[in-house]
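*Asks:* This is the content of structure.cif (mmCIF, C-alpha atoms):
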data_run
loop_
_atom_site.label_atom_id
_atom_site.label_comp_id
_atom_site.auth_asym_id
_atom_site.auth_seq_id
_atom_site.Cartn_x
_atom_site.Cartn_y
_atom_site.Cartn_z
CA MET A 1 193.35 188.81 164.49
CA ALA A 2 194.70 190.36 161.28
CA ALA A 3 195.61 193.50 163.20
CA THR A 4 197.49 191.47 165.79
CA ARG A 5 199.26 189.56 163.09
CA ARG A 6 200.48 192.70 161.37
CA ARG A 7 201.90 194.08 164.58
CA LEU A 8 204.22 191.09 165.25
CA ALA A 9 207.82 191.27 164.02
CA PRO A 10 209.12 188.07 162.36
CA GLU A 11 210.96 186.89 165.50
CA GLU A 12 207.88 187.52 167.63
CA ARG A 13 205.67 185.71 165.11
CA ARG A 14 208.00 182.71 165.06
CA ARG A 15 208.06 182.64 168.85
CA HIS A 16 204.27 182.94 169.01
CA LEU A 17 203.91 179.95 166.65
CA ILE A 18 206.31 177.88 168.75
CA GLU A 19 204.51 178.75 171.98
CA THR A 20 201.12 177.97 170.49
CA ALA A 21 202.40 174.68 169.09
CA LEU A 22 203.91 173.82 172.49
CA HIS A 23 200.43 173.79 174.00
CA VAL A 24 198.95 171.82 171.09
CA PHE A 25 201.67 169.15 171.26
CA ALA A 26 201.36 168.97 175.06
CA ARG A 27 197.71 167.94 174.60
CA GLN A 28 197.97 165.75 171.52
CA ARG A 29 200.45 163.14 170.36
CA TYR A 30 202.73 164.12 167.50
CA ASP A 31 201.20 161.62 165.09
CA GLU A 32 197.67 162.78 165.96
CA THR A 33 198.45 166.44 165.36
CA GLU A 34 197.90 168.22 162.05
CA LEU A 35 199.59 171.49 161.17
CA GLU A 36 196.03 172.81 160.75
CA ASP A 37 195.47 172.33 164.52
CA VAL A 38 198.35 174.69 165.25
CA ALA A 39 197.33 177.16 162.54
CA SER A 40 193.77 177.43 163.81
CA GLU A 41 194.89 177.77 167.45
CA ALA A 42 197.38 180.48 166.44
CA GLY A 43 194.76 182.25 164.32
CA VAL A 44 196.89 182.05 161.16
CA GLN A 45 196.78 180.25 157.81
CA ARG A 46 198.88 177.13 157.26
CA PRO A 47 201.12 178.78 154.62
CA LEU A 48 202.32 181.23 157.26
CA ILE A 49 203.61 178.31 159.32
CA TYR A 50 205.46 177.00 156.26
CA HIS A 51 206.94 180.45 155.80
CA TYR A 52 208.57 180.22 159.23
CA PHE A 53 209.11 176.45 159.21
CA PRO A 54 209.71 175.33 155.60
CA GLY A 55 210.06 171.75 156.88
CA GLY A 56 206.42 171.84 158.03
CA LYS A 57 205.13 169.87 161.02
CA LYS A 58 208.40 168.08 161.73
CA ALA A 59 210.47 171.29 161.70
CA LEU A 60 207.95 173.08 163.90
CA TYR A 61 207.91 170.12 166.30
CA LEU A 62 211.71 170.07 166.61
CA ALA A 63 211.67 173.80 167.40
CA VAL A 64 208.97 173.14 170.01
CA VAL A 65 210.96 170.35 171.68
CA GLU A 66 214.07 172.55 171.84
CA HIS A 67 212.03 175.43 173.24
CA ALA A 68 210.40 173.13 175.82
CA TRP A 69 213.82 171.92 176.84
CA GLN A 70 215.07 175.50 177.35
CA LEU A 71 212.03 176.28 179.48
CA LEU A 72 212.75 173.27 181.68
CA VAL A 73 216.43 174.12 182.05
CA GLU A 74 215.48 177.64 183.16
CA GLN A 75 213.26 176.18 185.85
CA LEU A 76 215.52 173.40 187.02
CA ASP A 77 218.89 174.45 188.31
CA THR A 78 221.48 171.77 187.62
CA SER A 79 224.64 173.79 188.04
CA GLY A 80 224.25 175.73 191.29
CA ASP A 81 226.82 175.73 194.06
CA ASP A 82 224.72 174.42 196.95
CA PRO A 83 225.80 170.97 198.15
CA PRO A 84 223.99 168.18 196.24
CA ALA A 85 222.26 167.13 199.43
CA GLN A 86 220.27 170.38 199.24
CA ARG A 87 220.07 170.80 195.48
CA LEU A 88 218.66 167.39 194.57
CA PRO A 89 215.52 167.61 196.73
CA GLN A 90 214.86 171.18 195.48
CA ASN A 91 215.21 170.31 191.79
CA LEU A 92 213.24 167.12 192.19
CA SER A 93 210.47 168.90 194.03
CA ARG A 94 210.22 171.52 191.27
CA TYR A 95 210.14 168.77 188.66
CA LEU A 96 207.35 166.89 190.43
CA ASP A 97 205.44 170.18 190.76
CA LEU A 98 205.67 170.60 186.98
CA ILE A 99 204.18 167.13 186.49
CA GLU A 100 201.39 167.79 188.99
CA THR A 101 200.48 171.06 187.26
CA ASP A 102 200.55 169.42 183.79
CA ASP A 103 203.31 171.77 182.65
CA ALA A 104 203.23 171.93 178.85
CA ALA A 105 207.01 171.99 178.36
CA LEU A 106 207.51 168.91 180.50
CA ALA A 107 204.67 167.07 178.76
CA VAL A 108 206.24 167.78 175.36
CA VAL A 109 209.69 166.61 176.43
CA ARG A 110 208.36 163.42 178.04
CA GLN A 111 206.30 162.62 174.94
CA ALA A 112 209.24 163.35 172.63
CA ARG A 113 211.32 160.71 174.45
CA ARG A 114 208.98 158.03 173.13
CA LEU A 115 209.33 158.96 169.47
CA GLU A 116 211.69 157.06 167.20
CA ASP A 117 212.22 159.75 164.57
CA PRO A 118 216.01 160.17 164.23
CA ASP A 119 215.92 163.97 164.42
CA VAL A 120 213.78 163.92 167.57
CA VAL A 121 215.99 161.22 169.08
CA ALA A 122 219.06 163.42 168.39
CA VAL A 123 217.55 166.41 170.25
CA ILE A 124 216.57 164.22 173.21
CA GLU A 125 219.95 162.45 173.27
CA ASN A 126 221.68 165.78 173.36
CA ALA A 127 219.47 166.97 176.21
CA SER A 128 220.01 163.71 178.12
CA ALA A 129 223.78 164.05 177.79
CA LEU A 130 223.55 167.55 179.29
CA VAL A 131 221.43 166.25 182.19
CA ALA A 132 223.96 163.47 182.81
CA ALA A 133 226.82 165.99 182.78
CA GLY A 134 224.86 168.08 185.30
CA MET A 135 224.40 165.04 187.54
CA ALA A 136 228.14 164.24 187.32
CA HIS A 137 228.89 167.80 188.41
CA ASN A 138 226.33 167.81 191.22
CA GLN A 139 226.76 164.28 192.52
CA LEU A 140 230.43 163.66 191.87
CA ARG A 141 232.00 167.10 191.37
CA ASP A 142 233.26 165.61 188.12
CA ASP A 143 233.27 168.02 185.17
CA ALA A 144 234.94 165.60 182.76
CA PRO A 145 233.11 162.33 183.42
CA SER A 146 234.21 159.15 181.63
CA ALA A 147 231.96 157.39 179.10
CA VAL A 148 231.04 154.79 181.72
CA VAL A 149 230.08 157.35 184.36
CA LEU A 150 228.06 159.36 181.82
CA ALA A 151 226.29 156.20 180.63
CA GLY A 152 225.31 155.15 184.15
CA LEU A 153 223.94 158.64 184.87
CA ARG A 154 222.12 158.97 181.53
CA ALA A 155 220.49 155.64 182.28
CA PHE A 156 219.32 157.07 185.60
CA ILE A 157 216.87 159.12 183.50
CA GLY A 158 215.40 155.81 182.29
CA TRP A 159 215.07 154.64 185.90
CA PHE A 160 213.43 157.93 186.85
CA ASP A 161 210.91 157.72 183.98
CA VAL A 162 209.69 154.33 185.18
CA VAL A 163 209.36 155.62 188.76
CA LEU A 164 207.34 158.59 187.48
CA ASP A 165 205.07 156.25 185.49
CA GLN A 166 204.44 154.28 188.66
CA TRP A 167 203.71 157.43 190.63
CA GLN A 168 201.26 158.57 187.95
CA ALA A 169 199.67 155.10 187.97
CA GLY A 170 199.03 155.52 191.71
CA LEU A 171 201.48 152.81 192.82
CA LEU A 172 203.70 155.26 194.73
CA THR A 173 203.11 158.44 196.71
CA ARG A 174 205.03 161.62 195.96
CA ALA A 175 206.94 161.21 199.24
CA GLN A 176 207.97 157.69 198.17
CA VAL A 177 209.18 159.01 194.81
CA GLU A 178 211.24 161.65 196.62
CA ALA A 179 212.73 159.07 199.00
CA LEU A 180 213.54 156.67 196.13
CA VAL A 181 215.30 159.37 194.11
CA ALA A 182 217.21 160.73 197.10
CA GLU A 183 218.62 157.26 197.80
CA THR A 184 219.01 155.99 194.24
CA LEU A 185 220.70 158.83 192.38
CA PRO A 186 223.79 158.89 194.65
CA ALA A 187 223.82 155.06 194.60
CA VAL A 188 223.75 154.95 190.78
CA ALA A 189 226.46 157.62 190.57
CA GLY A 190 228.66 155.71 193.02
CA ALA A 191 228.11 152.44 191.16
CA ALA A 192 229.09 154.07 187.86
CA VAL A 193 232.34 155.34 189.38
CA ARG A 194 233.14 151.85 190.71
CA ALA A 195 232.26 150.24 187.35
CA ASP A 196 234.58 152.70 185.65
CA GLY A 197 237.47 151.54 187.82
CA ALA A 198 236.59 147.85 187.43
CA MET B 1 201.50 123.29 151.32
CA ALA B 2 197.91 122.11 151.61
CA ALA B 3 199.18 118.68 152.61
CA THR B 4 201.35 120.16 155.36
CA ARG B 5 198.45 122.25 156.54
CA ARG B 6 196.11 119.31 156.82
CA ARG B 7 198.61 117.38 158.89
CA LEU B 8 198.82 120.03 161.64
CA ALA B 9 196.47 119.68 164.60
CA PRO B 10 194.80 122.94 165.69
CA GLU B 11 197.21 123.50 168.59
CA GLU B 12 200.19 122.90 166.32
CA ARG B 13 198.77 125.21 163.68
CA ARG B 14 198.19 127.95 166.23
CA ARG B 15 201.74 127.55 167.55
CA HIS B 16 203.15 127.57 164.02
CA LEU B 17 201.36 130.86 163.32
CA ILE B 18 202.70 132.40 166.52
CA GLU B 19 206.26 131.27 165.79
CA THR B 20 206.10 132.57 162.24
CA ALA B 21 204.66 135.88 163.42
CA LEU B 22 207.42 136.13 166.06
CA HIS B 23 210.01 136.29 163.29
CA VAL B 24 207.97 138.75 161.25
CA PHE B 25 207.47 141.11 164.22
CA ALA B 26 211.14 140.78 165.19
CA ARG B 27 212.06 142.23 161.77
CA GLN B 28 209.29 144.78 161.30
CA ARG B 29 207.64 147.28 163.59
CA TYR B 30 204.08 146.48 164.66
CA ASP B 31 202.58 149.42 162.80
CA GLU B 32 204.49 148.51 159.62
CA THR B 33 203.31 144.90 159.65
CA GLU B 34 200.22 143.64 157.79
CA LEU B 35 198.52 140.37 158.64
CA GLU B 36 199.21 139.46 155.00
CA ASP B 37 202.98 139.49 155.76
CA VAL B 38 202.45 136.79 158.38
CA ALA B 39 200.03 134.80 156.20
CA SER B 40 202.40 134.69 153.24
CA GLU B 41 205.39 133.77 155.43
CA ALA B 42 203.34 130.99 157.07
CA GLY B 43 202.06 129.79 153.70
CA VAL B 44 198.40 130.21 154.68
CA GLN B 45 195.49 132.46 153.73
CA ARG B 46 194.56 135.42 155.93
CA PRO B 47 191.16 133.93 156.93
CA LEU B 48 192.98 131.03 158.59
CA ILE B 49 194.76 133.50 160.88
CA TYR B 50 191.39 135.05 161.78
CA HIS B 51 190.12 131.56 162.53
CA TYR B 52 192.79 131.15 165.23
CA PHE B 53 192.97 134.84 166.24
CA PRO B 54 189.51 136.37 165.78
CA GLY B 55 190.91 139.70 167.02
CA GLY B 56 193.23 139.81 163.99
CA LYS B 57 196.65 141.45 164.00
CA LYS B 58 196.36 142.81 167.53
CA ALA B 59 195.32 139.46 169.03
CA LEU B 60 198.07 137.64 167.14
CA TYR B 61 200.61 140.23 168.28
CA LEU B 62 199.61 139.86 171.94
CA ALA B 63 200.01 136.08 171.65
CA VAL B 64 203.43 136.64 170.08
CA VAL B 65 204.57 138.97 172.88
CA GLU B 66 203.45 136.47 175.53
CA HIS B 67 205.19 133.64 173.69
CA ALA B 68 208.37 135.72 173.31
CA TRP B 69 208.28 136.44 177.02
CA GLN B 70 207.99 132.72 177.85
CA LEU B 71 210.96 131.96 175.59
CA LEU B 72 213.05 134.56 177.41
CA VAL B 73 212.05 133.29 180.84
CA GLU B 74 213.08 129.77 179.82
CA GLN B 75 216.49 131.06 178.85
CA LEU B 76 217.07 133.42 181.72
CA ASP B 77 217.05 131.86 185.13
CA THR B 78 215.76 134.36 187.67
CA SER B 79 214.89 132.01 190.51
CA GLY B 80 217.86 129.69 190.93
CA ASP B 81 219.56 129.07 194.24
CA ASP B 82 223.11 130.14 193.40
CA PRO B 83 224.18 133.26 195.28
CA PRO B 84 223.32 136.44 193.35
CA ALA B 85 227.01 137.21 192.92
CA GLN B 86 227.18 134.23 190.54
CA ARG B 87 223.69 134.36 189.07
CA LEU B 88 223.65 137.98 187.94
CA PRO B 89 226.72 137.78 185.67
CA GLN B 90 225.42 134.51 184.16
CA ASN B 91 221.94 135.84 183.40
CA LEU B 92 223.31 139.13 182.14
CA SER B 93 225.80 137.39 179.91
CA ARG B 94 223.05 135.23 178.40
CA TYR B 95 220.88 138.29 177.87
CA LEU B 96 223.69 140.17 176.09
CA ASP B 97 224.33 137.07 173.96
CA LEU B 98 220.68 137.17 172.89
CA ILE B 99 221.04 140.79 171.83
CA GLU B 100 224.26 140.08 169.94
CA THR B 101 222.66 137.17 168.07
CA ASP B 102 219.54 139.27 167.21
CA ASP B 103 217.32 136.85 169.10
CA ALA B 104 213.77 137.21 167.78
CA ALA B 105 212.01 136.86 171.15
CA LEU B 106 214.13 139.55 172.74
CA ALA B 107 213.67 141.86 169.76
CA VAL B 108 209.89 141.48 170.02
CA VAL B 109 209.81 142.16 173.76
CA ARG B 110 212.09 145.20 173.49
CA GLN B 111 209.99 146.60 170.65
CA ALA B 112 206.74 145.92 172.55
CA ARG B 113 207.99 148.07 175.44
CA ARG B 114 207.82 151.13 173.20
CA LEU B 115 204.17 150.67 172.20
CA GLU B 116 201.43 152.62 173.92
CA ASP B 117 198.51 150.28 173.19
CA PRO B 118 196.89 149.54 176.58
CA ASP B 119 196.72 145.75 176.02
CA VAL B 120 200.39 145.59 175.05
CA VAL B 121 201.31 147.83 177.98
CA ALA B 122 199.42 145.47 180.32
CA VAL B 123 201.39 142.41 179.09
CA ILE B 124 204.69 144.26 179.45
CA GLU B 125 203.77 145.67 182.88
CA ASN B 126 202.94 142.19 184.07
CA ALA B 127 206.25 140.85 182.76
CA SER B 128 208.17 143.75 184.34
CA ALA B 129 206.54 143.09 187.71
CA LEU B 130 207.69 139.46 187.50
CA VAL B 131 211.23 140.54 186.66
CA ALA B 132 211.22 142.95 189.60
CA ALA B 133 209.97 140.20 191.92
CA GLY B 134 212.80 137.96 190.63
CA MET B 135 215.34 140.70 191.35
CA ALA B 136 213.94 141.16 194.87
CA HIS B 137 214.36 137.41 195.43
CA ASN B 138 217.87 137.29 193.96
CA GLN B 139 219.29 140.54 195.27
CA LEU B 140 217.49 140.88 198.57
CA ARG B 141 216.15 137.40 199.39
CA ASP B 142 212.82 139.22 199.72
CA ASP B 143 209.82 137.24 198.43
CA ALA B 144 207.22 139.79 199.55
CA PRO B 145 208.78 143.11 198.51
CA SER B 146 207.05 146.38 199.40
CA ALA B 147 205.63 148.70 196.72
CA VAL B 148 208.65 150.98 197.09
CA VAL B 149 211.20 148.18 196.69
CA LEU B 150 209.32 146.76 193.70
CA ALA B 151 209.11 150.22 192.11
CA GLY B 152 212.85 150.83 192.49
CA LEU B 153 213.63 147.43 190.95
CA ARG B 154 211.12 147.75 188.10
CA ALA B 155 212.69 151.09 187.30
CA PHE B 156 216.06 149.33 187.08
CA ILE B 157 214.72 147.86 183.82
CA GLY B 158 214.41 151.44 182.52
CA TRP B 159 218.01 152.11 183.57
CA PHE B 160 219.15 148.90 181.86
CA ASP B 161 217.35 149.76 178.61
CA VAL B 162 219.21 153.05 178.33
CA VAL B 163 222.54 151.31 179.01
CA LEU B 164 221.75 148.76 176.29
CA ASP B 165 220.88 151.56 173.85
CA GLN B 166 224.25 153.13 174.57
CA TRP B 167 226.03 149.84 174.08
CA GLN B 168 224.26 149.33 170.75
CA ALA B 169 225.15 152.90 169.76
CA GLY B 170 228.83 152.02 170.31
CA LEU B 171 229.29 154.30 173.35
CA LEU B 172 230.09 151.40 175.71
CA THR B 173 231.84 148.06 175.37
CA ARG B 174 230.16 144.84 176.46
CA ALA B 175 232.62 144.60 179.37
CA GLN B 176 231.61 148.10 180.48
CA VAL B 177 227.92 147.14 180.34
CA GLU B 178 228.65 144.10 182.49
CA ALA B 179 230.62 146.16 185.01
CA LEU B 180 227.91 148.84 185.17
CA VAL B 181 225.14 146.29 185.77
CA ALA B 182 227.16 144.34 188.35
CA GLU B 183 227.68 147.54 190.39
CA THR B 184 224.35 149.24 189.76
CA LEU B 185 221.74 146.53 190.34
CA PRO B 186 222.81 145.85 193.94
CA ALA B 187 223.13 149.63 194.50
CA VAL B 188 219.59 150.27 193.20
CA ALA B 189 218.22 147.39 195.30
CA GLY B 190 219.93 148.71 198.43
CA ALA B 191 218.72 152.26 197.76
CA ALA B 192 215.13 151.02 197.36
CA VAL B 193 215.32 149.24 200.72
CA ARG B 194 216.65 152.41 202.39
CA ALA B 195 213.97 154.55 200.70
CA ASP B 196 211.33 152.14 201.97
CA GLY B 197 212.51 152.68 205.54
CA ALA B 198 212.80 156.45 205.12
#
Before we go any further, please render this structure as structure tokens.
*Replies:*
Amino acid sequence: MAATRRRLAPEERRRHLIETALHVFARQRYDETELEDVASEAGVQRPLIYHYFPGGKKALYLAVVEHAWQLLVEQLDTSGDDPPAQRLPQNLSRYLDLIETDDAALAVVRQARRLEDPDVVAVIENASALVAAGMAHNQLRDDAPSAVVLAGLRAFIGWFDVVLDQWQAGLLTRAQVEALVAETLPAVAGAAVRADGA
Amino acid sequence: MAATRRRLAPEERRRHLIETALHVFARQRYDETELEDVASEAGVQRPLIYHYFPGGKKALYLAVVEHAWQLLVEQLDTSGDDPPAQRLPQNLSRYLDLIETDDAALAVVRQARRLEDPDVVAVIENASALVAAGMAHNQLRDDAPSAVVLAGLRAFIGWFDVVLDQWQAGLLTRAQVEALVAETLPAVAGAAVRADGA
């Protein structure tokens, strides 16, 4: 362990701590997790974590949520040039795969959405705004959406979360989730455009 | 105080405790609230609360959430016989009024939706299913909606919550919220019907 630790450069060490913490936070709720859990899983002492994250558990968690978000963005294309009719089912299918395989990054981001801490909310709000902008581009070919259009599309994420909960509760099949999303996202986008002109 | 207490019949006393607790939980988060806060506001001793709610804070809270839900249902007509084109704006307008006046029942229900306790989740799930059934009746004249249609409509509540958050954050005007809902609810209902047939 000590040998491994010595070999890591600071950036690698920081990254290793974030990746280790990603898996800890994917398994355990934020409020149930102690910094000691991450330290022992990473094979380091707690003070080393404070060295890299002087803000402690909260600072480490924010870095983990941002990292998780980057991992998801890399896996889910939201800015390609295929027509939306092709892109939506592909992205959705990848997303549902990540849920079915208990992907750690997705678990962290979904859990983070439930927290009320202002700093966590800010990271999630920022990510949601980017997703909404991606949907405006894909669904509407609109790269400067109005506040109303953005709001309707951001709220689609809230719709989608409830549908996912119902899938995970066994009330819907995966095929039903895919059919619901394929029909509802364009409908919500169209409704937001009409509301904007109202 | 003692005189007042003696005059209340058990059912009245129980109701008084629930109504007092409603206002306490509307102001304070569940995890920040002590049974003592409710006892002192109600002018009673803690053991009296345990007499009516042997399960303590959790049991009292569940009774409060159910009571809050009943109060909302009484104020929001979801089963009238006006055409939906008239009913939706009326119900929505009343709901937004309740938010603007910091209505205690609505505050409790919205806060309860964020809790992960299984008993609270069960009460909220039950209420959400009733709302979805009301929307199926109003929007689609469908009194026996399929699982897919119900899921799409229940998820509309998730969409609506995000829109309300954005209104309360100052990103949307009330008129924009009303226009978004008026366009989006029928669109989501129609999409769910199409998904069901897919």
*Asks:* Take the PyMOL selection byres ((chain B) within 10 of (chain A)), apply it to the structure above, and return the hits as a count of residues only.
*Replies:* 51
*Asks:* For the point (221.8, 158.8, 168.7) in file coordinates, what residues are within 12 Å, counting only C-alpha atoms? Give the answer as a list in words?
*Replies:*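 Applying the cut-off with only C-alpha atoms, one gets Glu116, Asp117, Pro118, Asp119, Val120, Val121, Ala122, Val123, Ile124, Glu125, Asn126, Ala127, Ser128 and Ala129 of chain A; Val162, Asp165, Gln166, Trp167, Gln168, Ala169, Gly170 and Leu171 of chain B.
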*Asks:* Select, counting only C-alpha atoms, all protein, DNA and RNA residues no farther than 6 Å from (202.0, 143.4, 164.1) in file coordinates, and express the selection as a list of chain:residue names.
*Replies:* B:Phe25, B:Tyr30, B:Thr33, B:Lys57, B:Tyr61
*Asks:* Interatomic distance between atom CA of Ala104 of chain A and atom CA of Arg110 of chain B?
*Replies:* 28.7 Å
*Asks:* I need the residue set behind the PyMOL selection byres ((chain B and resi 16-19) around 12) for this file; please write it as a PyMOL selection string.
*Replies:* chain B and resi 4-5+8-15+20-26+35+37-46+48-53+57+59-68+71+104-105+108
*Asks:* Separation of atom CA of Ala107 of chain A and atom CA of Ala136 of chain A, in Å?
*Replies:*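 These atoms are spaced 25.1 Å apart.
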*Asks:* Give, as lines of an AutoDock Vina configuration file, the centre coordinates and the x, y and z edge lengths in Å to one decimal for an axis-aligned box around all listed atoms of segment 124-137 of chain B, padded by 5 Å on each side.
*Replies:*
center_x = 209.1
center_y = 141.5
center_z = 187.4
size_x = 22.4
size_y = 18.3
size_z = 26.0
*Asks:* Report, in Å with one decimal, the straight-line distance from atom CA of Leu98 of chain A to atom CA of Gln75 of chain A.
*Replies:*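 Calculated distance between atom CA of Leu98 of chain A and atom CA of Gln75 of chain A is 9.5 Å.
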*Asks:* Complete the atoms of segment 158-166 of chain A to all heavy atoms and put them out as an mmCIF file, keeping the file's coordinate frame.
*Replies:*
data_model
loop_
_atom_site.group_PDB
_atom_site.id
_atom_site.type_symbol
_atom_site.label_atom_id
_atom_site.label_comp_id
_atom_site.auth_asym_id
_atom_site.auth_seq_id
_atom_site.Cartn_x
_atom_site.Cartn_y
_atom_site.Cartn_z
ATOM 1 N N GLY A 158 216.309 156.915 182.603
ATOM 2 C CA GLY A 158 215.400 155.810 182.290
ATOM 3 C C GLY A 158 214.776 155.220 183.549
ATOM 4 O O GLY A 158 213.587 154.891 183.572
ATOM 5 N N TRP A 159 215.581 155.096 184.598
ATOM 6 C CA TRP A 159 215.070 154.640 185.900
ATOM 7 C C TRP A 159 213.996 155.603 186.393
ATOM 8 O O TRP A 159 212.901 155.199 186.798
ATOM 9 C CB TRP A 159 216.252 154.566 186.895
ATOM 10 C CG TRP A 159 215.881 154.156 188.295
ATOM 11 C CD1 TRP A 159 215.879 152.889 188.799
ATOM 12 C CD2 TRP A 159 215.457 155.022 189.360
ATOM 13 N NE1 TRP A 159 215.477 152.918 190.117
ATOM 14 C CE2 TRP A 159 215.208 154.205 190.490
ATOM 15 C CE3 TRP A 159 215.275 156.395 189.466
ATOM 16 C CZ2 TRP A 159 214.784 154.723 191.711
ATOM 17 C CZ3 TRP A 159 214.835 156.912 190.679
ATOM 18 C CH2 TRP A 159 214.598 156.078 191.788
ATOM 19 N N PHE A 160 214.317 156.890 186.335
ATOM 20 C CA PHE A 160 213.430 157.930 186.850
ATOM 21 C C PHE A 160 212.090 157.931 186.091
ATOM 22 O O PHE A 160 211.017 158.063 186.696
ATOM 23 C CB PHE A 160 214.140 159.280 186.724
ATOM 24 C CG PHE A 160 213.405 160.443 187.314
ATOM 25 C CD1 PHE A 160 212.917 160.402 188.608
ATOM 26 C CD2 PHE A 160 213.228 161.611 186.577
ATOM 27 C CE1 PHE A 160 212.257 161.513 189.159
ATOM 28 C CE2 PHE A 160 212.568 162.711 187.124
ATOM 29 C CZ PHE A 160 212.081 162.662 188.410
ATOM 30 N N ASP A 161 212.150 157.750 184.782
ATOM 31 C CA ASP A 161 210.910 157.720 183.980
ATOM 32 C C ASP A 161 209.973 156.615 184.445
ATOM 33 O O ASP A 161 208.760 156.807 184.487
ATOM 34 C CB ASP A 161 211.248 157.483 182.501
ATOM 35 C CG ASP A 161 211.527 158.780 181.781
ATOM 36 O OD1 ASP A 161 211.051 159.831 182.251
ATOM 37 O OD2 ASP A 161 212.219 158.734 180.750
ATOM 38 N N VAL A 162 210.540 155.447 184.742
ATOM 39 C CA VAL A 162 209.690 154.330 185.180
ATOM 40 C C VAL A 162 209.086 154.640 186.553
ATOM 41 O O VAL A 162 207.905 154.350 186.804
ATOM 42 C CB VAL A 162 210.478 153.005 185.198
ATOM 43 C CG1 VAL A 162 209.615 151.877 185.740
ATOM 44 C CG2 VAL A 162 210.991 152.662 183.803
ATOM 45 N N VAL A 163 209.894 155.240 187.437
ATOM 46 C CA VAL A 163 209.360 155.620 188.760
ATOM 47 C C VAL A 163 208.226 156.625 188.599
ATOM 48 O O VAL A 163 207.176 156.511 189.256
ATOM 49 C CB VAL A 163 210.498 156.170 189.654
ATOM 50 C CG1 VAL A 163 209.935 156.854 190.893
ATOM 51 C CG2 VAL A 163 211.441 155.034 190.060
ATOM 52 N N LEU A 164 208.408 157.598 187.700
ATOM 53 C CA LEU A 164 207.340 158.590 187.480
ATOM 54 C C LEU A 164 206.073 157.919 186.947
ATOM 55 O O LEU A 164 204.963 158.253 187.366
ATOM 56 C CB LEU A 164 207.805 159.664 186.495
ATOM 57 C CG LEU A 164 208.904 160.599 187.012
ATOM 58 C CD1 LEU A 164 209.275 161.606 185.927
ATOM 59 C CD2 LEU A 164 208.473 161.329 188.277
ATOM 60 N N ASP A 165 206.246 156.983 186.016
ATOM 61 C CA ASP A 165 205.070 156.250 185.490
ATOM 62 C C ASP A 165 204.328 155.567 186.626
ATOM 63 O O ASP A 165 203.096 155.537 186.646
ATOM 64 C CB ASP A 165 205.504 155.180 184.473
ATOM 65 C CG ASP A 165 205.922 155.777 183.134
ATOM 66 O OD1 ASP A 165 205.595 156.956 182.886
ATOM 67 O OD2 ASP A 165 206.578 155.067 182.352
ATOM 68 N N GLN A 166 205.082 155.003 187.565
ATOM 69 C CA GLN A 166 204.440 154.280 188.660
ATOM 70 C C GLN A 166 203.771 155.226 189.649
ATOM 71 O O GLN A 166 202.736 154.901 190.223
ATOM 72 C CB GLN A 166 205.463 153.344 189.322
ATOM 73 C CG GLN A 166 205.829 152.235 188.345
ATOM 74 C CD GLN A 166 206.773 151.230 188.934
ATOM 75 O OE1 GLN A 166 206.372 150.375 189.728
ATOM 76 N NE2 GLN A 166 208.022 151.334 188.570
#
